[in-house]
$ cat upload.tsv   # TSV, C-alpha atoms (C1' of nucleotides)
chain	number	residue	atom	x	y	z
A	22	MET	CA	131.90	85.59	90.39
A	23	SER	CA	133.99	84.78	87.33
A	24	ASP	CA	134.67	88.15	85.67
A	25	ALA	CA	136.88	89.15	88.55
A	26	GLY	CA	137.64	92.82	89.07
A	27	HIS	CA	135.11	94.14	86.58
A	28	ASN	CA	132.52	95.68	88.85
A	29	SER	CA	131.38	92.34	90.11
A	30	SER	CA	128.08	92.24	91.92
A	31	ASP	CA	129.70	92.38	95.33
A	32	GLU	CA	131.78	95.34	94.30
A	33	ARG	CA	128.76	97.21	93.03
A	34	LEU	CA	126.87	96.48	96.22
A	35	ARG	CA	129.80	97.70	98.29
A	36	LEU	CA	129.87	100.92	96.30
A	37	PHE	CA	126.18	101.48	96.82
A	38	ILE	CA	126.57	100.98	100.55
A	39	GLU	CA	129.50	103.34	100.72
A	40	ARG	CA	127.59	106.00	98.82
A	41	ILE	CA	124.74	105.69	101.26
A	42	GLU	CA	127.11	105.87	104.19
A	43	ARG	CA	128.75	109.01	102.87
A	44	PHE	CA	125.38	110.66	102.47
A	45	GLU	CA	124.46	109.67	105.98
A	46	GLU	CA	127.66	111.15	107.31
A	47	ASP	CA	126.82	114.39	105.53
A	48	LYS	CA	123.41	114.32	107.07
A	49	ALA	CA	124.91	113.76	110.51
A	50	ILE	CA	127.24	116.71	110.00
A	51	ILE	CA	124.34	118.97	109.16
A	52	ALA	CA	122.45	117.71	112.17
A	53	GLU	CA	125.49	118.74	114.20
A	54	ASP	CA	125.46	122.16	112.58
A	55	ILE	CA	121.85	122.61	113.56
A	56	LYS	CA	122.62	121.61	117.11
A	57	ASP	CA	125.40	124.17	117.14
A	58	VAL	CA	123.02	126.87	116.04
A	59	TYR	CA	120.74	125.98	118.92
A	60	VAL	CA	123.70	126.29	121.26
A	61	GLU	CA	124.24	129.81	119.93
A	62	VAL	CA	120.54	130.52	120.24
A	63	LYS	CA	120.67	129.50	123.86
A	64	ALA	CA	123.84	131.50	124.45
A	65	MET	CA	122.01	134.58	123.17
A	66	GLY	CA	119.47	134.05	125.88
A	67	TYR	CA	116.66	132.62	123.79
A	68	ASP	CA	114.72	129.61	124.95
A	69	ALA	CA	115.79	126.89	122.53
A	70	LYS	CA	112.61	124.94	123.07
A	71	ILE	CA	110.50	127.88	121.97
A	72	VAL	CA	112.70	128.48	118.94
A	73	ARG	CA	112.28	124.85	117.95
A	74	GLN	CA	108.54	125.30	118.10
A	75	LEU	CA	108.78	128.41	115.95
A	76	VAL	CA	110.75	126.51	113.35
A	77	ARG	CA	108.20	123.74	113.37
A	78	LEU	CA	105.29	126.15	113.09
A	79	ARG	CA	106.88	127.91	110.14
A	80	LYS	CA	107.38	124.57	108.46
A	81	LEU	CA	103.74	123.73	108.99
A	82	ALA	CA	102.70	127.12	107.68
A	83	GLU	CA	104.84	126.60	104.60
A	84	HIS	CA	103.30	123.21	104.11
A	85	ASP	CA	99.81	124.63	104.39
A	86	ARG	CA	100.70	127.37	101.96
A	87	LYS	CA	101.77	124.76	99.44
A	88	GLU	CA	98.59	122.76	100.00
A	89	GLN	CA	96.61	125.92	99.42
A	90	GLN	CA	98.54	126.60	96.25
A	91	ALA	CA	97.96	123.07	95.00
A	92	LEU	CA	94.26	123.40	95.73
A	93	LEU	CA	94.15	126.69	93.89
A	94	GLU	CA	95.80	125.14	90.88
A	95	THR	CA	93.37	122.28	90.95
A	96	TYR	CA	90.45	124.68	90.96
A	97	ALA	CA	92.03	126.77	88.25
A	98	SER	CA	92.55	123.72	86.13
A	99	ALA	CA	88.97	122.63	86.74
A	100	ILE	CA	87.64	125.86	85.28
A	101	GLY	CA	90.12	125.78	82.44
A	102	LEU	CA	92.15	128.63	83.80
A	103	ASP	CA	95.85	128.47	83.11
A	104	LEU	CA	97.73	130.07	86.00
A	105	ILE	CA	101.13	129.79	84.43
B	6	MET	CA	112.66	148.35	120.22
B	7	SER	CA	114.18	151.72	119.36
B	8	ASP	CA	117.14	151.03	117.04
B	9	ALA	CA	114.89	149.58	114.40
B	10	GLY	CA	116.53	147.44	111.76
B	11	HIS	CA	119.95	147.39	113.36
B	12	ASN	CA	120.22	143.82	114.50
B	13	SER	CA	117.41	144.20	116.93
B	14	SER	CA	116.57	141.18	119.00
B	15	ASP	CA	113.80	140.11	116.66
B	16	GLU	CA	116.11	140.41	113.71
B	17	ARG	CA	118.72	138.19	115.31
B	18	LEU	CA	116.13	135.60	116.16
B	19	ARG	CA	114.86	135.65	112.59
B	20	LEU	CA	118.40	135.14	111.31
B	21	PHE	CA	118.90	132.16	113.60
B	22	ILE	CA	115.68	130.61	112.41
B	23	GLU	CA	116.58	131.13	108.78
B	24	ARG	CA	119.98	129.54	109.31
B	25	ILE	CA	118.32	126.54	110.88
B	26	GLU	CA	115.82	126.32	108.05
B	27	ARG	CA	118.56	126.36	105.45
B	28	PHE	CA	120.36	123.55	107.21
B	29	GLU	CA	117.17	121.57	107.39
B	30	GLU	CA	116.62	122.03	103.68
B	31	ASP	CA	120.11	120.68	103.08
B	32	LYS	CA	119.34	117.73	105.27
B	33	ALA	CA	116.14	117.06	103.38
B	34	ILE	CA	118.03	117.14	100.09
B	35	ILE	CA	120.49	114.55	101.34
B	36	ALA	CA	117.65	112.39	102.57
B	37	GLU	CA	116.31	112.58	99.03
B	38	ASP	CA	119.70	111.57	97.65
B	39	ILE	CA	119.74	108.53	99.89
B	40	LYS	CA	116.29	107.56	98.74
B	41	ASP	CA	117.47	107.88	95.16
B	42	VAL	CA	120.37	105.55	95.82
B	43	TYR	CA	117.94	102.98	97.13
B	44	VAL	CA	115.95	103.34	93.95
B	45	GLU	CA	119.11	102.56	91.99
B	46	VAL	CA	119.89	99.69	94.31
B	47	LYS	CA	116.49	98.23	93.64
B	48	ALA	CA	116.84	98.83	89.91
B	49	MET	CA	120.06	96.81	89.96
B	50	GLY	CA	118.10	93.93	91.32
B	51	TYR	CA	119.19	94.10	94.94
B	52	ASP	CA	116.77	93.66	97.77
B	53	ALA	CA	116.58	97.14	99.29
B	54	LYS	CA	115.51	95.74	102.62
B	55	ILE	CA	118.65	93.68	102.89
B	56	VAL	CA	120.81	96.61	101.86
B	57	ARG	CA	119.18	98.75	104.52
B	58	GLN	CA	119.89	96.11	107.12
B	59	LEU	CA	123.50	95.89	105.99
B	60	VAL	CA	123.89	99.62	106.32
B	61	ARG	CA	122.35	99.51	109.76
B	62	LEU	CA	124.57	96.65	110.89
B	63	ARG	CA	127.70	98.45	109.74
B	64	LYS	CA	126.58	101.53	111.62
B	65	LEU	CA	126.00	99.45	114.74
B	66	ALA	CA	129.47	97.95	114.43
B	67	GLU	CA	130.95	101.41	114.19
B	68	HIS	CA	128.93	102.53	117.17
B	69	ASP	CA	130.08	99.56	119.22
B	70	ARG	CA	133.67	100.28	118.35
B	71	LYS	CA	133.25	103.80	119.63
B	72	GLU	CA	131.59	102.61	122.83
B	73	GLN	CA	134.46	100.22	123.47
B	74	GLN	CA	136.91	103.01	122.87
B	75	ALA	CA	135.00	105.18	125.31
B	76	LEU	CA	135.09	102.42	127.90
B	77	LEU	CA	138.80	102.03	127.41
B	78	GLU	CA	139.29	105.73	127.93
B	79	THR	CA	137.15	105.63	131.03
B	80	TYR	CA	139.32	102.83	132.38
B	81	ALA	CA	142.45	104.76	131.52
B	82	SER	CA	141.11	107.85	133.21
B	83	ALA	CA	140.06	105.82	136.26
B	84	ILE	CA	143.59	104.61	136.80
B	85	GLY	CA	145.03	108.03	136.15
B	86	LEU	CA	146.47	107.16	132.79
B	87	ASP	CA	146.34	109.90	130.23
B	88	LEU	CA	145.90	108.33	126.80
B	89	ILE	CA	146.49	111.51	124.85
C	12	MET	CA	76.17	110.13	128.77
C	13	SER	CA	72.86	108.85	130.01
C	14	ASP	CA	73.52	105.29	131.24
C	15	ALA	CA	75.77	106.55	133.96
C	16	GLY	CA	78.12	104.11	135.63
C	17	HIS	CA	77.52	101.19	133.31
C	18	ASN	CA	80.86	100.93	131.57
C	19	SER	CA	80.18	103.99	129.57
C	20	SER	CA	82.85	105.10	127.16
C	21	ASP	CA	84.32	107.48	129.70
C	22	GLU	CA	84.52	104.70	132.22
C	23	ARG	CA	86.43	102.47	129.85
C	24	LEU	CA	88.85	105.24	129.05
C	25	ARG	CA	89.39	105.87	132.73
C	26	LEU	CA	90.13	102.19	133.27
C	27	PHE	CA	92.67	102.18	130.46
C	28	ILE	CA	94.39	105.19	131.92
C	29	GLU	CA	94.50	103.66	135.36
C	30	ARG	CA	95.98	100.46	133.99
C	31	ILE	CA	98.68	102.46	132.27
C	32	GLU	CA	99.36	104.44	135.41
C	33	ARG	CA	99.75	101.30	137.46
C	34	PHE	CA	102.25	99.92	134.97
C	35	GLU	CA	104.16	103.14	135.03
C	36	GLU	CA	104.33	103.04	138.80
C	37	ASP	CA	105.77	99.54	138.57
C	38	LYS	CA	108.30	100.75	136.09
C	39	ALA	CA	109.25	103.64	138.36
C	40	ILE	CA	109.77	101.21	141.24
C	41	ILE	CA	112.14	99.13	139.16
C	42	ALA	CA	113.99	102.23	138.07
C	43	GLU	CA	114.43	102.95	141.77
C	44	ASP	CA	115.74	99.44	142.33
C	45	ILE	CA	118.32	99.94	139.62
C	46	LYS	CA	119.40	103.19	141.14
C	47	ASP	CA	119.80	101.42	144.47
C	48	VAL	CA	122.03	98.82	142.89
C	49	TYR	CA	124.24	101.57	141.55
C	50	VAL	CA	124.44	103.03	145.03
C	51	GLU	CA	125.68	99.64	146.25
C	52	VAL	CA	128.05	99.40	143.35
C	53	LYS	CA	129.52	102.74	144.28
C	54	ALA	CA	129.65	101.78	147.96
C	55	MET	CA	131.71	98.72	147.02
C	56	GLY	CA	134.24	101.03	145.48
C	57	TYR	CA	133.39	100.48	141.83
C	58	ASP	CA	133.20	103.35	139.40
C	59	ALA	CA	129.50	103.58	138.60
C	60	LYS	CA	130.21	105.21	135.28
C	61	ILE	CA	132.28	102.27	134.15
C	62	VAL	CA	129.65	99.81	135.30
C	63	ARG	CA	127.02	101.73	133.37
C	64	GLN	CA	129.16	101.56	130.26
C	65	LEU	CA	129.67	97.84	130.73
C	66	VAL	CA	125.94	97.30	131.00
C	67	ARG	CA	125.40	99.36	127.89
C	68	LEU	CA	128.04	97.49	125.93
C	69	ARG	CA	126.55	94.13	126.85
C	70	LYS	CA	123.16	95.38	125.74
C	71	LEU	CA	124.62	96.58	122.45
C	72	ALA	CA	126.20	93.19	121.87
C	73	GLU	CA	122.85	91.53	122.43
C	74	HIS	CA	121.18	93.98	120.10
C	75	ASP	CA	123.77	93.33	117.39
C	76	ARG	CA	123.26	89.63	117.70
C	77	LYS	CA	119.55	90.11	117.11
C	78	GLU	CA	120.15	92.36	114.11
C	79	GLN	CA	122.45	89.79	112.58
C	80	GLN	CA	119.85	87.14	113.16
C	81	ALA	CA	117.27	89.34	111.46
C	82	LEU	CA	119.57	89.83	108.49
C	83	LEU	CA	120.10	86.12	108.25
C	84	GLU	CA	116.38	85.55	108.23
C	85	THR	CA	115.93	88.17	105.56
C	86	TYR	CA	118.54	86.40	103.44
C	87	ALA	CA	116.82	83.08	104.00
C	88	SER	CA	113.49	84.56	103.07
C	89	ALA	CA	114.99	86.19	99.98
C	90	ILE	CA	116.16	82.85	98.64
C	91	GLY	CA	112.88	81.22	99.50
C	92	LEU	CA	114.20	79.27	102.43
C	93	ASP	CA	111.82	78.95	105.32
C	94	LEU	CA	113.80	78.83	108.56
C	95	ILE	CA	110.88	77.94	110.74
D	15	MET	CA	143.13	86.77	142.24
D	16	SER	CA	144.21	84.51	145.06
D	17	ASP	CA	141.10	83.69	147.11
D	18	ALA	CA	139.50	81.92	144.19
D	19	GLY	CA	135.78	81.32	144.27
D	20	HIS	CA	135.09	83.40	147.37
D	21	ASN	CA	133.22	86.31	145.90
D	22	SER	CA	136.26	87.75	144.31
D	23	SER	CA	136.03	91.28	143.02
D	24	ASP	CA	135.26	90.21	139.47
D	25	GLU	CA	132.58	87.88	140.67
D	26	ARG	CA	130.90	90.59	142.70
D	27	LEU	CA	130.99	92.98	139.79
D	28	ARG	CA	129.46	90.36	137.52
D	29	LEU	CA	126.67	89.79	140.03
D	30	PHE	CA	125.95	93.49	140.21
D	31	ILE	CA	125.75	93.70	136.46
D	32	GLU	CA	123.46	90.73	136.24
D	33	ARG	CA	121.16	92.16	138.89
D	34	ILE	CA	120.96	95.38	136.91
D	35	GLU	CA	120.29	93.50	133.71
D	36	ARG	CA	117.48	91.53	135.29
D	37	PHE	CA	115.86	94.71	136.53
D	38	GLU	CA	116.18	96.23	133.10
D	39	GLU	CA	114.52	93.21	131.53
D	40	ASP	CA	111.65	93.60	133.97
D	41	LYS	CA	111.38	97.22	133.03
D	42	ALA	CA	111.35	96.32	129.35
D	43	ILE	CA	108.55	93.83	129.93
D	44	ILE	CA	106.44	96.46	131.63
D	45	ALA	CA	107.16	98.89	128.82
D	46	GLU	CA	105.81	96.22	126.48
D	47	ASP	CA	102.71	95.85	128.64
D	48	ILE	CA	102.09	99.56	128.39
D	49	LYS	CA	102.48	99.45	124.63
D	50	ASP	CA	99.95	96.63	124.54
D	51	VAL	CA	97.47	98.71	126.48
D	52	TYR	CA	97.87	101.47	123.93
D	53	VAL	CA	97.16	98.96	121.20
D	54	GLU	CA	93.92	98.08	122.98
D	55	VAL	CA	93.17	101.76	123.46
D	56	LYS	CA	93.55	102.27	119.75
D	57	ALA	CA	91.47	99.20	118.96
D	58	MET	CA	88.65	100.67	121.06
D	59	GLY	CA	88.68	103.67	118.79
D	60	TYR	CA	90.46	106.11	121.07
D	61	ASP	CA	93.20	108.33	119.77
D	62	ALA	CA	96.31	106.96	121.46
D	63	LYS	CA	98.11	110.25	121.13
D	64	ILE	CA	95.41	112.03	123.09
D	65	VAL	CA	95.37	109.32	125.73
D	66	ARG	CA	99.12	109.69	126.15
D	67	GLN	CA	98.63	113.38	126.75
D	68	LEU	CA	95.95	112.66	129.32
D	69	VAL	CA	98.28	110.33	131.18
D	70	ARG	CA	101.00	112.93	131.11
D	71	LEU	CA	98.69	115.69	132.30
D	72	ARG	CA	97.43	113.56	135.19
D	73	LYS	CA	101.01	112.88	136.19
D	74	LEU	CA	101.75	116.59	136.15
D	75	ALA	CA	98.63	117.30	138.16
D	76	GLU	CA	99.67	114.69	140.70
D	77	HIS	CA	103.11	116.17	140.89
D	78	ASP	CA	101.71	119.65	141.39
D	79	ARG	CA	99.39	118.36	144.06
D	80	LYS	CA	102.32	116.91	145.96
D	81	GLU	CA	104.29	120.14	145.59
D	82	GLN	CA	101.31	122.04	146.92
D	83	GLN	CA	101.04	119.64	149.84
D	84	ALA	CA	104.73	120.03	150.61
D	85	LEU	CA	104.39	123.80	150.47
D	86	LEU	CA	101.41	123.68	152.79
D	87	GLU	CA	103.33	121.60	155.27
D	88	THR	CA	106.23	124.00	155.11
D	89	TYR	CA	103.95	126.91	155.88
D	90	ALA	CA	102.22	124.98	158.64
D	91	SER	CA	105.55	124.13	160.17
D	92	ALA	CA	106.66	127.74	159.91
D	93	ILE	CA	103.75	128.94	162.03
D	94	GLY	CA	104.14	126.09	164.45
D	95	LEU	CA	101.06	124.28	163.25
D	96	ASP	CA	101.23	120.52	163.37
D	97	LEU	CA	99.17	119.08	160.53
D	98	ILE	CA	99.59	115.48	161.54
E	23	DC	C1'	97.07	101.80	105.41
E	24	DT	C1'	99.49	99.63	108.84
E	25	DG	C1'	103.38	98.69	111.20
E	26	DC	C1'	108.12	99.69	111.77
E	27	DC	C1'	112.17	102.53	112.00
E	28	DA	C1'	114.55	106.96	112.43
E	29	DT	C1'	114.48	111.23	114.28
E	30	DT	C1'	113.20	114.28	117.58
E	31	DT	C1'	111.87	115.66	122.01
E	32	DT	C1'	111.42	115.15	126.76
E	33	DA	C1'	112.93	113.57	131.30
E	34	DC	C1'	116.46	112.09	134.19
E	35	DC	C1'	120.75	111.58	136.42
E	36	DG	C1'	125.27	112.68	137.74
E	37	DG	C1'	128.91	116.26	138.05
E	38	DC	C1'	130.48	120.94	139.00
F	7	DG	C1'	121.10	124.43	141.95
F	8	DC	C1'	122.12	124.40	137.26
F	9	DC	C1'	123.96	122.39	133.32
F	10	DG	C1'	125.57	118.92	130.47
F	11	DG	C1'	125.07	114.77	128.58
F	12	DT	C1'	122.61	110.32	128.37
F	13	DA	C1'	118.50	107.25	128.23
F	14	DA	C1'	113.40	106.90	127.35
F	15	DA	C1'	109.20	108.39	125.05
F	16	DA	C1'	106.82	110.14	121.31
F	17	DT	C1'	106.11	111.72	116.95
F	18	DG	C1'	106.68	111.61	112.08
F	19	DG	C1'	107.95	109.34	107.80
F	20	DC	C1'	108.70	105.62	104.90
F	21	DA	C1'	108.48	100.83	103.18
F	22	DG	C1'	105.84	97.03	102.35
$ encode --input "upload.tsv" --output "structure tokens"
Amino acid sequence: MSDAGHNSSDERLRLFIERIERFEEDKAIIAEDIKDVYVEVKAMGYDAKIVRQLVRLRKLAEHDRKEQQALLETYASAIGLDLI
Amino acid sequence: MSDAGHNSSDERLRLFIERIERFEEDKAIIAEDIKDVYVEVKAMGYDAKIVRQLVRLRKLAEHDRKEQQALLETYASAIGLDLI
Amino acid sequence: MSDAGHNSSDERLRLFIERIERFEEDKAIIAEDIKDVYVEVKAMGYDAKIVRQLVRLRKLAEHDRKEQQALLETYASAIGLDLI
Amino acid sequence: MSDAGHNSSDERLRLFIERIERFEEDKAIIAEDIKDVYVEVKAMGYDAKIVRQLVRLRKLAEHDRKEQQALLETYASAIGLDLI
DNA sequence: CTGCCATTTTACCGGC
DNA sequence: GCCGGTAAAATGGCAG
């Protein structure tokens, strides 16, 4: 590259990669935090496996709720009803 | 449970689950951020697939370095040498 | 199912499952073999943990080599070069 | 090492590692075979996920059966009954 | 929409 | 005998 030092292509690419890597580190840290919570959960005598299932079920329920909401809005829109 | 509302078992469990859920939301947000970076990457004309592979390779290299370090420490420990 | 015994659907499924189970038995036997080698390793005075780490490191190196090869091929493909 | 070429320590270690690696390759091949069967399973219109569960359940059942058998033999032995 | 990759979950193995 | 960590399996998600 000729315009040396002025955000050359390679430099930009490197910056992108480093941004991604920083985000992934953050993600890994949070994953650690979650693991720590499960350690606590276990230490309190709960069965971590069951708690995991609870979390998953709640997520599913949330998802379903949103689906339901979307469906409702679709219907509402279809009959010209403005929910907002 | 008699002492209703005062950190009863169910309450504690609920708090654990909510903590986990908040962390998972954070994680999801970061995952979104990463996706966004890839959108930028693509918009700058880079091949996202290649960038992903680069990121993965760098991660592998890091991982290998750690494994080698671990092996070294195992060796050290095996011969009774305290590295710290 | 009416045409009993003539490769009915259930029969085919059963055959699939049995094939899988036979493969898994084979796999379990090999896992045993590996364990036996580690017993020997230990009996010869080696530290099994170190040997395990060595095996893992060599595998990682192999894996990295393949990833690099894949990246190379992606590059080649990106510039319209057909390596094959 | 002085007694060069006569199964020196390093040589023996290398042989152990190579034996392990060969076994692990074999294991990997079988794992591939199993994956292939699941591809077939899917191609025949079965739900691979369900089939996996069936395989797992059968394994559990087998395991339980053996436990039961062991228990029976323990009881038999306890009352001086020779099952064989 | 299919296949692949990352994450998650389960099973295993060794150490205490 | 359990518990901790490590490897394998499985599921889910995302890119092509």
$ calpha_fit_and_write --input "upload.tsv" --fixed "chain A" --moving "chain B" --output "short mmCIF file (atom, residue, chain, number, x, y, z; two decimals) with C-alpha atoms, in the frame of the given file"
data_model
loop_
_atom_site.label_atom_id
_atom_site.label_comp_id
_atom_site.auth_asym_id
_atom_site.auth_seq_id
_atom_site.Cartn_x
_atom_site.Cartn_y
_atom_site.Cartn_z
CA MET B 6 130.40 86.02 88.97
CA SER B 7 133.03 85.60 86.27
CA ASP B 8 134.26 89.11 85.38
CA ALA B 9 135.61 89.65 88.84
CA GLY B 10 136.29 93.22 89.86
CA HIS B 11 134.78 94.80 86.78
CA ASN B 12 131.69 96.42 88.19
CA SER B 13 130.18 93.13 89.11
CA SER B 14 126.76 93.24 90.65
CA ASP B 15 128.13 93.07 94.17
CA GLU B 16 130.50 95.89 93.43
CA ARG B 17 127.72 98.13 92.18
CA LEU B 18 125.64 97.39 95.22
CA ARG B 19 128.58 98.22 97.47
CA LEU B 20 129.05 101.52 95.66
CA PHE B 21 125.40 102.41 96.12
CA ILE B 22 125.60 101.66 99.80
CA GLU B 23 128.73 103.72 100.22
CA ARG B 24 127.13 106.66 98.44
CA ILE B 25 124.17 106.44 100.77
CA GLU B 26 126.43 106.22 103.79
CA ARG B 27 128.34 109.31 102.75
CA PHE B 28 125.12 111.25 102.36
CA GLU B 29 123.98 110.09 105.75
CA GLU B 30 127.23 111.25 107.29
CA ASP B 31 126.66 114.65 105.74
CA LYS B 32 123.19 114.71 107.15
CA ALA B 33 124.48 113.82 110.58
CA ILE B 34 127.01 116.64 110.40
CA ILE B 35 124.29 119.15 109.60
CA ALA B 36 122.18 117.82 112.44
CA GLU B 37 125.19 118.51 114.65
CA ASP B 38 125.45 122.03 113.27
CA ILE B 39 121.82 122.67 114.12
CA LYS B 40 122.36 121.41 117.63
CA ASP B 41 125.32 123.76 117.94
CA VAL B 42 123.19 126.71 116.89
CA TYR B 43 120.75 125.85 119.63
CA VAL B 44 123.61 125.82 122.09
CA GLU B 45 124.49 129.35 120.96
CA VAL B 46 120.85 130.35 121.15
CA LYS B 47 120.71 129.17 124.71
CA ALA B 48 124.01 130.87 125.52
CA MET B 49 122.53 134.15 124.30
CA GLY B 50 119.83 133.76 126.86
CA TYR B 51 117.00 132.67 124.60
CA ASP B 52 114.65 129.91 125.55
CA ALA B 53 115.58 127.12 123.13
CA LYS B 54 112.16 125.57 123.45
CA ILE B 55 110.49 128.71 122.23
CA VAL B 56 112.95 129.05 119.37
CA ARG B 57 112.25 125.48 118.34
CA GLN B 58 108.54 126.18 118.34
CA LEU B 59 109.07 129.30 116.26
CA VAL B 60 111.05 127.34 113.72
CA ARG B 61 108.36 124.70 113.61
CA LEU B 62 105.59 127.25 113.19
CA ARG B 63 107.39 128.93 110.31
CA LYS B 64 107.85 125.56 108.67
CA LEU B 65 104.15 124.82 109.10
CA ALA B 66 103.26 128.15 107.53
CA GLU B 67 105.46 127.36 104.58
CA HIS B 68 103.91 123.93 104.29
CA ASP B 69 100.41 125.37 104.36
CA ARG B 70 101.31 127.83 101.66
CA LYS B 71 102.46 124.98 99.48
CA GLU B 72 99.31 122.98 100.16
CA GLN B 73 97.17 125.94 99.18
CA GLN B 74 99.18 126.35 96.03
CA ALA B 75 98.69 122.68 95.27
CA LEU B 76 94.96 123.02 95.80
CA LEU B 77 94.87 125.99 93.49
CA GLU B 78 96.68 124.03 90.83
CA THR B 79 94.30 121.14 91.28
CA TYR B 80 91.39 123.52 90.78
CA ALA B 81 93.05 124.99 87.72
CA SER B 82 93.67 121.55 86.30
CA ALA B 83 90.09 120.50 87.07
CA ILE B 84 88.71 123.31 84.98
CA GLY B 85 91.21 122.70 82.23
CA LEU B 86 93.24 125.78 82.94
CA ASP B 87 96.94 125.40 82.44
CA LEU B 88 98.73 127.62 84.95
CA ILE B 89 102.17 127.20 83.45
#
$ interface_residues --input "upload.tsv" --of "chain B" --to "chain E" --cutoff "12 Å" --atoms "all atoms listed in the file" --output "PDB file with C-alpha atoms, in the frame of the given file"
ATOM      1  CA  ALA B  36     117.650 112.390 102.570  1.00  0.00           C
ATOM      2  CA  ARG B  57     119.180  98.750 104.520  1.00  0.00           C
ATOM      3  CA  GLN B  58     119.890  96.110 107.120  1.00  0.00           C
ATOM      4  CA  ARG B  61     122.350  99.510 109.760  1.00  0.00           C
TER       5      ARG B  61
END
$ axis_aligned_box --input "upload.tsv" --around "region 84-87 of chain C" --padding-each-side "5 Å" --output "JSON"
{"center_x": 117.2, "center_y": 85.6, "center_z": 105.8, "size_x": 12.6, "size_y": 15.1, "size_z": 14.8}
$ closest_atom_pairs --input "upload.tsv" --of "chain C" --to "chain B" --cutoff "12 Å" --atoms "all atoms listed in the file" --output "CSV"
residue,atom,partner,partner_atom,distance
C:Gly56,CA,B:Ala83,CA,11.9
C:Tyr57,CA,B:Ala83,CA,10.2
C:Asp58,CA,B:Ala83,CA,7.9
C:Ala59,CA,B:Thr79,CA,11.0
C:Lys60,CA,B:Thr79,CA,8.1
C:Ile61,CA,B:Thr79,CA,6.7
C:Val62,CA,B:Leu76,CA,9.5
C:Arg63,CA,B:Leu76,CA,9.8
C:Gln64,CA,B:Leu76,CA,6.4
C:Leu65,CA,B:Leu76,CA,7.6
C:Val66,CA,B:Leu76,CA,10.9
C:Arg67,CA,B:Glu72,CA,8.6
C:Leu68,CA,B:Glu72,CA,7.0
C:Arg69,CA,B:Asp69,CA,10.0
C:Lys70,CA,B:Asp69,CA,10.4
C:Leu71,CA,B:Asp69,CA,7.0
C:Ala72,CA,B:Asp69,CA,7.9
C:Glu73,CA,B:Asp69,CA,11.3
C:His74,CA,B:Leu65,CA,9.0
C:Asp75,CA,B:Leu65,CA,7.0
C:Arg76,CA,B:Leu62,CA,9.9
C:Lys77,CA,B:Leu62,CA,10.3
C:Glu78,CA,B:Leu62,CA,7.0
C:Gln79,CA,B:Leu62,CA,7.4
C:Gln80,CA,B:Gln58,CA,10.8
C:Ala81,CA,B:Gln58,CA,8.5
C:Leu82,CA,B:Gln58,CA,6.4
C:Leu83,CA,B:Ile55,CA,9.4
C:Glu84,CA,B:Ile55,CA,10.0
C:Thr85,CA,B:Ile55,CA,6.7
C:Tyr86,CA,B:Ile55,CA,7.3
C:Ala87,CA,B:Ile55,CA,10.8
C:Ser88,CA,B:Ile55,CA,10.5
C:Ala89,CA,B:Asp52,CA,8.0
C:Ile90,CA,B:Asp52,CA,10.9
$ interface_residues --input "upload.tsv" --of "chain F" --to "chain C" --cutoff "12 Å" --atoms "all atoms listed in the file" --output "ChimeraX atom specification"
/F:12-14
$ write_last_selection --input "upload.tsv" --atoms "C-alpha atoms (C1' of nucleotides)" --output "PDB file, in the coordinates of the input"
ATOM      1  C1'  DT F  12     122.610 110.320 128.370  1.00  0.00           C
ATOM      2  C1'  DA F  13     118.500 107.250 128.230  1.00  0.00           C
ATOM      3  C1'  DA F  14     113.400 106.900 127.350  1.00  0.00           C
TER       4       DA F  14
END
$ residues_around --input "upload.tsv" --residues "Ile44 (chain D)" --least-positions-apart "6" --cutoff "12 Å" --atoms "all atoms listed in the file" --output "count of residues only"
17
$ atom_distance --input "upload.tsv" --atom1 "CA of Ile22 (chain B)" --atom2 "CA of Tyr59 (chain A)"
9.5 Å
$ atom_distance --input "upload.tsv" --atom1 "CA of Arg17 (chain B)" --atom2 "CA of Val62 (chain A)"
9.3 Å
